[in-house]
Amino acid sequence: MFLSTTISFPSLFRSGRAFLFSHAMNIRVGAKADRHLITGLHTVADIYCGDCGELLGWKYERAYKASQKYKEGKFILEKAKIAKENW
């Protein structure tokens with residue numbers, strides 16, 4: 001579909017669990033904006049499904065804290081948007 005290697009444990013997103021990925025495909029990246037997140041100030045861009053346009057998560061463009069630099073260029077994808085349960 002649109003994801004690649006998971007590189008972190010689940011974290012909290014707007015409506016539940018989310019995962020940090022090193023790559024994502026079949027997405028559209030929105031405009032960059034600074035946001036104050038739990039881990040500090042980051043420049044992020046919302047990411048949308050390339051087919052239906054639904055909001056899936058965001059891409060970390062810049063981390064201002066040195067301890068958060070590993071997130072730059074990576075993607076947060078909400079589990080509920082990328083996984084179907086009880087098939």
# chains A, B, ... in the order shown; residues from 1 in each chain; ligands from 1
>>> select_by_dssp(residues="region 9-86 of chain A", states="alpha helix (DSSP H)", output="list of chain:residue names")
A:Lys79, A:Ala80, A:Lys81, A:Ile82
>>> select_by_dssp(residues="region 2-81 of chain A", states="strand (DSSP E or B)", output="ChimeraX atom specification")
/A:3,6,11-13,16-21,24,27-37,40-49,55-63,75-78
>>> atom_distance(atom1="CA of His36 (chain A)", atom2="CA of Asp51 (chain A)")
29.0 Å
>>> atom_distance(atom1="CA of Ala33 (chain A)", atom2="CA of Asp46 (chain A)")
8.8 Å
>>> residues_around(residues="Lys32 (chain A)", least_positions_apart="2", cutoff="10 Å", atoms="only C-alpha atoms", output="list in words")
Val29, Gly30, Asp34, Arg35, His42, Thr43, Val44, Ala45, Asp46, Trp58, Lys59, Tyr60, Glu61 and Arg62 of chain A
>>> atom_distance(atom1="CA of Gly50 (chain A)", atom2="CA of Arg17 (chain A)")
21.4 Å
>>> closest_residue(among="A:Asn26, A:Ala66, A:Ala31, A:Ile38", to="Glu54 (chain A)", atoms="only C-alpha atoms")
A:Asn26
>>> closest_residue(among="A:Ala83, A:Ile47, A:Leu55, A:Ala63", to="Met25 (chain A)", atoms="only C-alpha atoms")
A:Ile47
>>> residues_around(residues="Lys74 (chain A)", least_positions_apart="2", cutoff="8 Å", atoms="only C-alpha atoms", output="PyMOL selection string")
chain A and resi 20-23+59-61+71-72+76
